[in-house]
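Q: Data: start-v2.cif, mmCIF, C-alpha atoms.
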```cif
data_work
loop_
_atom_site.group_PDB
_atom_site.id
_atom_site.type_symbol
_atom_site.label_atom_id
_atom_site.label_comp_id
_atom_site.auth_asym_id
_atom_site.auth_seq_id
_atom_site.Cartn_x
_atom_site.Cartn_y
_atom_site.Cartn_z
ATOM 1 C CA MET P 1 159.969 28.593 199.161
ATOM 2 C CA LEU P 2 157.460 28.608 196.293
ATOM 3 C CA GLN P 3 157.444 31.524 193.868
ATOM 4 C CA GLU P 4 155.706 32.357 190.600
ATOM 5 C CA GLY P 5 157.284 33.795 187.488
ATOM 6 C CA THR P 6 157.502 33.826 183.698
ATOM 7 C CA VAL P 7 159.932 31.741 181.649
ATOM 8 C CA VAL P 8 162.002 34.213 179.630
ATOM 9 C CA LYS P 9 164.563 31.804 178.154
ATOM 10 C CA ALA P 10 164.894 28.036 177.804
ATOM 11 C CA TYR P 11 168.204 26.529 176.829
ATOM 12 C CA GLY P 12 169.964 23.207 177.407
ATOM 13 C CA GLY P 13 167.459 21.932 179.977
ATOM 14 C CA HIS P 14 167.601 25.166 181.980
ATOM 15 C CA TYR P 15 164.662 27.554 182.295
ATOM 16 C CA TYR P 16 165.344 31.158 183.224
ATOM 17 C CA ILE P 17 162.399 32.588 185.124
ATOM 18 C CA ALA P 18 161.700 36.264 185.731
ATOM 19 C CA SER P 19 160.089 36.877 189.114
ATOM 20 C CA GLY P 20 159.958 40.460 190.294
ATOM 21 C CA ARG P 21 163.241 42.058 189.284
ATOM 22 C CA GLU P 22 165.260 38.847 189.481
ATOM 23 C CA ILE P 23 165.867 35.980 187.066
ATOM 24 C CA PHE P 24 166.285 32.454 188.448
ATOM 25 C CA ASP P 25 167.958 29.464 186.787
ATOM 26 C CA CYS P 26 165.586 26.490 187.137
ATOM 27 C CA THR P 27 165.285 22.906 185.973
ATOM 28 C CA LEU P 28 162.196 20.810 185.377
ATOM 29 C CA ARG P 29 160.812 18.456 188.026
ATOM 30 C CA GLY P 30 161.365 14.830 186.962
ATOM 31 C CA ARG P 31 157.690 13.972 186.594
ATOM 32 C CA PHE P 32 157.291 16.674 183.929
ATOM 33 C CA ARG P 33 160.147 15.146 181.945
ATOM 34 C CA ARG P 34 158.607 11.689 182.247
ATOM 35 C CA GLU P 35 155.252 13.064 181.066
ATOM 36 C CA LYS P 36 157.130 14.859 178.245
ATOM 37 C CA LYS P 37 155.505 18.162 179.170
ATOM 38 C CA GLN P 38 156.939 21.023 177.168
ATOM 39 C CA VAL P 39 157.750 24.308 178.854
ATOM 40 C CA LEU P 40 157.617 27.268 176.485
ATOM 41 C CA VAL P 41 159.108 30.692 176.799
ATOM 42 C CA GLY P 42 156.245 32.838 178.113
ATOM 43 C CA ASP P 43 154.825 30.118 180.381
ATOM 44 C CA ARG P 44 153.744 31.163 183.857
ATOM 45 C CA VAL P 45 155.174 28.666 186.329
ATOM 46 C CA THR P 46 155.464 27.979 190.038
ATOM 47 C CA PHE P 47 159.001 27.079 191.119
ATOM 48 C CA ARG P 48 160.774 26.155 194.333
ATOM 49 C CA LEU P 49 164.088 27.745 195.250
ATOM 50 C CA GLU P 50 166.666 25.248 196.401
ATOM 51 C CA ALA P 51 170.321 25.386 197.349
ATOM 52 C CA ARG P 52 172.700 27.952 195.835
ATOM 53 C CA GLY P 53 169.900 29.982 194.276
ATOM 54 C CA TYR P 54 168.828 27.364 191.748
ATOM 55 C CA GLY P 55 165.181 26.357 191.414
ATOM 56 C CA VAL P 56 162.913 23.544 190.284
ATOM 57 C CA ILE P 57 159.680 24.078 188.333
ATOM 58 C CA GLU P 58 156.780 22.564 190.295
ATOM 59 C CA GLU P 59 153.787 23.666 188.213
ATOM 60 C CA ILE P 60 153.083 24.923 184.679
ATOM 61 C CA HIS P 61 150.056 27.211 184.632
ATOM 62 C CA PRO P 62 147.378 26.981 181.895
ATOM 63 C CA ARG P 63 148.201 28.996 178.765
ATOM 64 C CA ARG P 64 146.025 31.771 177.391
ATOM 65 C CA THR P 65 147.599 31.600 173.927
ATOM 66 C CA THR P 66 150.242 29.478 172.190
ATOM 67 C CA LEU P 67 152.119 30.630 169.106
ATOM 68 C CA VAL P 68 153.944 28.167 166.860
ATOM 69 C CA ARG P 69 156.111 30.666 164.959
ATOM 70 C CA PRO P 70 157.753 31.768 167.210
ATOM 71 C CA PRO P 71 157.068 29.173 169.942
ATOM 72 C CA VAL P 72 155.914 31.463 172.751
ATOM 73 C CA ALA P 73 153.124 31.051 175.295
ATOM 74 C CA ASN P 74 150.777 33.705 176.672
ATOM 75 C CA VAL P 75 151.528 36.367 174.074
ATOM 76 C CA ASP P 76 148.745 38.928 174.352
ATOM 77 C CA ARG P 77 150.071 41.777 172.199
ATOM 78 C CA ALA P 78 151.352 41.840 168.623
ATOM 79 C CA LEU P 79 153.044 45.075 167.623
ATOM 80 C CA ILE P 80 152.782 45.360 163.832
ATOM 81 C CA VAL P 81 155.603 47.694 162.754
ATOM 82 C CA PHE P 82 155.688 49.525 159.417
ATOM 83 C CA ALA P 83 157.739 52.492 158.274
ATOM 84 C CA VAL P 84 156.096 55.651 156.951
ATOM 85 C CA LYS P 85 158.530 55.366 154.024
ATOM 86 C CA ASP P 86 161.791 53.621 153.099
ATOM 87 C CA PRO P 87 160.212 51.096 152.616
ATOM 88 C CA GLU P 88 156.801 52.399 151.635
ATOM 89 C CA PRO P 89 154.023 50.841 153.756
ATOM 90 C CA SER P 90 151.793 48.177 152.194
ATOM 91 C CA THR P 91 148.326 48.254 153.743
ATOM 92 C CA PHE P 92 147.607 44.817 152.256
ATOM 93 C CA LEU P 93 150.590 43.331 154.080
ATOM 94 C CA LEU P 94 149.590 45.208 157.234
ATOM 95 C CA ASP P 95 146.057 43.782 157.055
ATOM 96 C CA ARG P 96 147.546 40.336 156.538
ATOM 97 C CA PHE P 97 149.564 40.656 159.763
ATOM 98 C CA LEU P 98 146.519 42.005 161.614
ATOM 99 C CA THR P 99 144.441 39.030 160.471
ATOM 100 C CA GLN P 100 147.125 36.581 161.624
ATOM 101 C CA ALA P 101 147.287 38.191 165.068
ATOM 102 C CA GLU P 102 143.508 38.292 165.524
ATOM 103 C CA HIS P 103 143.185 34.660 164.382
ATOM 104 C CA ALA P 104 145.807 33.634 166.980
ATOM 105 C CA GLY P 105 143.833 35.365 169.739
ATOM 106 C CA VAL P 106 146.493 38.064 170.154
ATOM 107 C CA ARG P 107 145.442 41.703 170.389
ATOM 108 C CA PRO P 108 147.246 43.725 167.699
ATOM 109 C CA ALA P 109 148.547 47.262 167.858
ATOM 110 C CA ILE P 110 150.162 49.206 165.009
ATOM 111 C CA CYS P 111 153.412 51.169 165.089
ATOM 112 C CA PHE P 112 154.355 53.506 162.255
ATOM 113 C CA ASN P 113 158.099 54.062 162.610
ATOM 114 C CA LYS P 114 160.539 56.497 160.952
ATOM 115 C CA MET P 115 158.241 59.468 161.566
ATOM 116 C CA ASP P 116 161.323 61.676 161.212
ATOM 117 C CA LEU P 117 160.922 61.102 157.448
ATOM 118 C CA GLY P 118 157.568 62.919 157.472
ATOM 119 C CA THR P 119 153.962 61.968 158.186
ATOM 120 C CA GLU P 120 152.149 63.380 155.181
ATOM 121 C CA PRO P 121 152.229 60.216 152.988
ATOM 122 C CA VAL P 122 150.560 58.070 155.680
ATOM 123 C CA SER P 123 148.311 60.475 157.588
ATOM 124 C CA ASN P 124 145.157 59.128 155.908
ATOM 125 C CA ILE P 125 146.253 55.532 156.527
ATOM 126 C CA ILE P 126 146.957 56.247 160.208
ATOM 127 C CA GLY P 127 143.539 57.873 160.572
ATOM 128 C CA ALA P 128 141.777 54.935 158.931
ATOM 129 C CA TYR P 129 143.295 52.372 161.313
ATOM 130 C CA ARG P 130 142.523 54.507 164.334
ATOM 131 C CA ARG P 131 138.890 54.859 163.215
ATOM 132 C CA ALA P 132 138.778 51.073 162.764
ATOM 133 C CA GLY P 133 139.621 50.751 166.462
ATOM 134 C CA TYR P 134 143.279 49.719 166.457
ATOM 135 C CA PRO P 135 145.767 51.272 168.906
ATOM 136 C CA VAL P 136 148.234 53.186 166.695
ATOM 137 C CA VAL P 137 151.488 54.738 167.877
ATOM 138 C CA CYS P 138 153.823 56.819 165.708
ATOM 139 C CA THR P 139 157.525 56.619 166.527
ATOM 140 C CA SER P 140 161.016 57.465 165.431
ATOM 141 C CA ALA P 141 163.792 55.243 166.763
ATOM 142 C CA LEU P 142 166.171 57.900 165.396
ATOM 143 C CA ASP P 143 164.967 60.936 167.352
ATOM 144 C CA GLY P 144 163.046 59.145 170.139
ATOM 145 C CA SER P 145 159.625 60.593 169.374
ATOM 146 C CA GLY P 146 156.685 58.417 170.393
ATOM 147 C CA LEU P 147 158.813 55.995 172.420
ATOM 148 C CA ASP P 148 157.211 56.950 175.743
ATOM 149 C CA GLU P 149 153.777 56.232 174.257
ATOM 150 C CA LEU P 150 155.072 52.908 172.921
ATOM 151 C CA ARG P 151 156.440 51.942 176.348
ATOM 152 C CA VAL P 152 153.022 52.557 177.882
ATOM 153 C CA LEU P 153 151.386 50.457 175.150
ATOM 154 C CA LEU P 154 153.700 47.495 175.858
ATOM 155 C CA GLU P 155 153.642 47.752 179.644
ATOM 156 C CA GLY P 156 152.250 44.653 181.340
ATOM 157 C CA HIS P 157 152.051 42.607 178.113
ATOM 158 C CA ILE P 158 154.004 39.800 176.469
ATOM 159 C CA THR P 159 154.572 41.187 172.986
ATOM 160 C CA VAL P 160 155.826 39.899 169.658
ATOM 161 C CA PHE P 161 156.926 42.318 166.961
ATOM 162 C CA ALA P 162 155.871 41.727 163.356
ATOM 163 C CA GLY P 163 156.405 43.565 160.114
ATOM 164 C CA PRO P 164 158.554 43.521 156.985
ATOM 165 C CA SER P 165 162.327 43.939 157.019
ATOM 166 C CA GLY P 166 163.805 47.400 157.062
ATOM 167 C CA VAL P 167 161.056 49.090 159.081
ATOM 168 C CA GLY P 168 163.167 49.474 162.226
ATOM 169 C CA LYS P 169 162.062 46.642 164.537
ATOM 170 C CA SER P 170 165.591 46.110 165.878
ATOM 171 C CA SER P 171 166.179 49.852 166.209
ATOM 172 C CA LEU P 172 162.986 50.185 168.257
ATOM 173 C CA LEU P 173 164.017 47.332 170.560
ATOM 174 C CA ASN P 174 167.450 48.917 171.022
ATOM 175 C CA ALA P 175 165.727 52.167 171.996
ATOM 176 C CA LEU P 176 163.339 50.392 174.395
ATOM 177 C CA VAL P 177 165.876 48.091 176.111
ATOM 178 C CA PRO P 178 169.060 49.930 177.185
ATOM 179 C CA GLY P 179 172.242 47.991 176.436
ATOM 180 C CA LEU P 180 170.557 45.507 174.092
ATOM 181 C CA GLU P 181 172.522 46.544 170.987
ATOM 182 C CA LEU P 182 170.842 44.332 168.397
ATOM 183 C CA LYS P 183 172.319 44.691 164.937
ATOM 184 C CA THR P 184 170.156 46.735 162.608
ATOM 185 C CA GLY P 185 168.329 44.504 160.150
ATOM 186 C CA GLU P 186 167.982 41.505 162.438
ATOM 187 C CA ILE P 187 166.147 40.657 165.637
ATOM 188 C CA SER P 188 168.488 38.898 167.839
ATOM 189 C CA ARG P 189 171.315 36.615 166.908
ATOM 190 C CA LYS P 190 172.855 36.899 170.367
ATOM 191 C CA LEU P 191 172.383 33.204 171.166
ATOM 192 C CA GLY P 192 174.798 32.450 168.346
ATOM 193 C CA ARG P 193 172.385 31.095 165.771
ATOM 194 C CA GLY P 194 174.101 29.755 162.657
ATOM 195 C CA ARG P 195 172.262 29.070 159.441
ATOM 196 C CA HIS P 196 171.296 25.509 160.413
ATOM 197 C CA THR P 197 171.087 25.679 164.223
ATOM 198 C CA THR P 198 167.939 25.672 166.325
ATOM 199 C CA ARG P 199 166.430 29.049 167.102
ATOM 200 C CA HIS P 200 165.894 29.763 170.803
ATOM 201 C CA VAL P 201 163.381 32.470 171.604
ATOM 202 C CA GLU P 202 164.117 34.826 174.472
ATOM 203 C CA LEU P 203 161.788 37.311 176.161
ATOM 204 C CA LEU P 204 163.432 40.647 176.898
ATOM 205 C CA CYS P 205 162.390 42.533 180.035
ATOM 206 C CA LEU P 206 161.307 46.101 179.320
ATOM 207 C CA PRO P 207 162.450 48.609 181.974
ATOM 208 C CA GLY P 208 158.900 49.888 182.541
ATOM 209 C CA GLY P 209 157.401 46.407 182.791
ATOM 210 C CA GLY P 210 156.359 43.961 180.113
ATOM 211 C CA LEU P 211 158.207 41.395 178.031
ATOM 212 C CA VAL P 212 158.971 41.332 174.323
ATOM 213 C CA ALA P 213 160.165 38.434 172.147
ATOM 214 C CA ASP P 214 163.555 38.844 170.482
ATOM 215 C CA THR P 215 162.350 37.163 167.305
ATOM 216 C CA PRO P 216 159.679 38.364 164.876
ATOM 217 C CA GLY P 217 156.164 37.055 165.389
ATOM 218 C CA PHE P 218 154.057 35.876 162.459
ATOM 219 C CA SER P 219 155.096 35.650 158.820
ATOM 220 C CA SER P 220 153.918 37.460 155.713
ATOM 221 C CA LEU P 221 154.203 34.173 153.808
ATOM 222 C CA TYR P 222 151.091 32.454 155.064
ATOM 223 C CA LEU P 223 147.473 33.053 155.964
ATOM 224 C CA PRO P 224 146.024 30.893 158.758
ATOM 225 C CA GLU P 225 143.456 28.296 157.780
ATOM 226 C CA MET P 226 139.944 29.601 158.403
ATOM 227 C CA LYS P 227 136.426 29.521 157.026
ATOM 228 C CA ARG P 228 135.425 32.295 154.640
ATOM 229 C CA GLU P 229 132.783 33.518 157.128
ATOM 230 C CA GLU P 230 135.500 34.092 159.754
ATOM 231 C CA LEU P 231 137.538 36.679 157.902
ATOM 232 C CA GLY P 232 135.070 39.542 158.417
ATOM 233 C CA GLU P 233 135.306 38.955 162.187
ATOM 234 C CA TYR P 234 138.888 40.212 162.026
ATOM 235 C CA TYR P 235 137.864 43.562 160.529
ATOM 236 C CA PRO P 236 136.540 45.423 163.592
ATOM 237 C CA GLU P 237 134.958 48.259 161.618
ATOM 238 C CA PHE P 238 132.793 45.709 159.747
ATOM 239 C CA LEU P 239 131.224 44.482 162.985
ATOM 240 C CA THR P 240 129.412 47.787 163.513
ATOM 241 C CA TYR P 241 127.461 47.317 160.267
ATOM 242 C CA ARG P 242 127.040 43.562 159.777
ATOM 243 C CA ASP P 243 123.678 43.368 161.594
ATOM 244 C CA GLY P 244 122.315 45.638 158.867
ATOM 245 C CA CYS P 245 123.149 43.140 156.120
ATOM 246 C CA ARG P 246 120.181 41.325 154.557
ATOM 247 C CA PHE P 247 121.793 37.876 154.943
ATOM 248 C CA THR P 248 123.105 36.278 158.115
ATOM 249 C CA GLY P 249 126.729 35.278 157.495
ATOM 250 C CA CYS P 250 127.080 37.885 154.746
ATOM 251 C CA LEU P 251 130.545 37.787 153.173
ATOM 252 C CA HIS P 252 130.249 41.469 152.144
ATOM 253 C CA PHE P 253 131.244 40.378 148.656
ATOM 254 C CA GLN P 254 128.542 39.736 146.045
ATOM 255 C CA GLU P 255 125.466 39.738 148.302
ATOM 256 C CA PRO P 256 122.775 42.414 147.747
ATOM 257 C CA ASP P 257 121.784 44.845 150.515
ATOM 258 C CA CYS P 258 125.120 44.539 152.286
ATOM 259 C CA ALA P 259 125.480 47.194 154.988
ATOM 260 C CA VAL P 260 129.282 46.936 154.941
ATOM 261 C CA LYS P 261 129.461 47.724 151.204
ATOM 262 C CA LYS P 262 127.098 50.657 151.752
ATOM 263 C CA ALA P 263 129.394 51.942 154.530
ATOM 264 C CA VAL P 264 132.355 51.735 152.141
ATOM 265 C CA GLU P 265 130.437 53.690 149.495
ATOM 266 C CA ALA P 266 129.531 56.310 152.117
ATOM 267 C CA GLY P 267 133.182 56.669 153.171
ATOM 268 C CA GLU P 268 132.491 55.311 156.651
ATOM 269 C CA ILE P 269 134.848 52.356 156.051
ATOM 270 C CA ALA P 270 138.156 53.014 154.283
ATOM 271 C CA ALA P 271 137.992 51.750 150.693
ATOM 272 C CA PHE P 272 141.525 50.350 150.851
ATOM 273 C CA ARG P 273 140.586 48.234 153.882
ATOM 274 C CA TYR P 274 137.624 46.763 152.006
ATOM 275 C CA GLU P 275 139.752 46.083 148.909
ATOM 276 C CA ASN P 276 142.359 44.325 151.077
ATOM 277 C CA TYR P 277 139.574 42.281 152.662
ATOM 278 C CA LEU P 278 138.388 41.105 149.222
ATOM 279 C CA ARG P 279 141.930 40.048 148.275
ATOM 280 C CA LEU P 280 142.298 38.080 151.507
ATOM 281 C CA LEU P 281 138.814 36.594 151.079
ATOM 282 C CA LYS P 282 139.805 35.209 147.676
ATOM 283 C CA GLU P 283 142.879 33.596 149.268
ATOM 284 C CA VAL P 284 140.726 32.028 151.994
ATOM 285 C CA MET P 285 138.265 30.698 149.417
ATOM 286 C CA GLU P 286 141.129 29.220 147.371
ATOM 287 C CA MET P 287 142.483 27.508 150.502
ATOM 288 C CA GLU P 288 139.034 26.079 151.207
ATOM 289 C CA ARG P 289 138.928 24.552 147.711
ATOM 290 C CA ARG P 290 142.379 22.987 148.186
ATOM 291 C CA TYR P 291 141.452 21.390 151.512
#
```
Can you turn what I pasted into structure tokens?
A:
Amino acid sequence: MLQEGTVVKAYGGHYYIASGREIFDCTLRGRFRREKKQVLVGDRVTFRLEARGYGVIEEIHPRRTTLVRPPVANVDRALIVFAVKDPEPSTFLLDRFLTQAEHAGVRPAICFNKMDLGTEPVSNIIGAYRRAGYPVVCTSALDGSGLDELRVLLEGHITVFAGPSGVGKSSLLNALVPGLELKTGEISRKLGRGRHTTRHVELLCLPGGGLVADTPGFSSLYLPEMKREELGEYYPEFLTYRDGCRFTGCLHFQEPDCAVKKAVEAGEIAAFRYENYLRLLKEVMEMERRY
């Protein structure tokens, strides 16, 4: 009998496929091995159940997205997690993560965690990102506030978490997936990863629907290679104004009659977002010169 499902774990030549509420242990049809086709966690596949409940993958469906770090297919949501304090949020680092997600074709959402520590320091920041058009959810893994809203946000998606250490990514996953019990300060070591062993990504099934990777997505250490004209495309609030710029392909940097700069001066675009954009633009221009 043919069934469809999503690969949630791949280990030792076995592919564990979630279909409905069940997970099936499958192997790869011989022709795929001969063709050296790679099956990634997150792939949608068609498989055939055979004796004793084991299955064989018959078809690998086309991928919508493919991430390299971590190696996951069909991710369509990146949850960028920052704490309201302890550690203090860096909007520059947040914008860096947002740019990485948008460049990878993954729709980002923002989670401000540790709301039990107080919202006052970040209320203006939260408002600015919401006005820019990003989904923003405010949570506390400690007292459970905002978790229902977060579950709804993740429902039906394949999600990677991103964000700096110490913001509560593991604590949030523990709160979302009963019985998971990840250690605070790390997203999962449960496959027994030593310092020099290969990392195997696993997708965790959320009780309300949706899958989430047990390893952080994206890295604060790099900016994806792009042309300088591309960067503004990843700032959604800029898109409203760009047609008013005098020059087509305006970088919103040193050009005269730039509608984006006028919107910043008028307070319609958050000044910190524009300043972060200029810092990232300089990085992109430096990369262009190197390559």
Q: Rank P:Ala109, P:Leu231, P:Leu117, P:Leu142 by their smallest atom-to-atom distance to Gly249 in chain P, using all atoms listed in the file, and report the top residue only.
A: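 Between P:Ala109, P:Leu231, P:Leu117, P:Leu142, the residue approaching Gly249 in chain P most closely is P:Leu231.
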Q: Starting from the shown file, work through the PyMOL selection byres ((chain P and resi 54) around 7) and note down what comes out as a list in words.
A: Phe24, Asp25, Cys26, Leu49, Glu50, Ala51, Arg52, Gly53 and Gly55 of chain P
Q: On this file, the PyMOL selection byres ((chain P and resi 111) around 6) gives some set of residues; write that set as a PyMOL selection string.
A: chain P and resi 80-81+110+112+136-138
Q: Take CA of Arg48 in chain P and CA of Pro70 in chain P and report the distance between them in Å, one decimal.
A: 27.9 Å
Q: Using all atoms listed in the file, pick whichever of P:Pro135, P:Pro178, P:Gly30, P:Gly163 has the shortest atom-to-atom distance to Phe92 in chain P.
A: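 Among the listed residues, P:Gly163 lies closest to Phe92 in chain P.
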Q: Take the point (141.6, 25.5, 153.4) in the file's coordinates, draw a sphere of radius 10 Å around it, and report as a ChimeraX atom specification every protein, DNA or RNA residue with an atom inside or on it, counting all atoms listed in the file.
A: /P:223-228,283-291
Q: For the atom pair CA of Tyr222 in chain P and CA of Arg279 in chain P, what is the interatomic distance in Å to one decimal place?
A: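 Distance between the two atoms: 13.7 Å.
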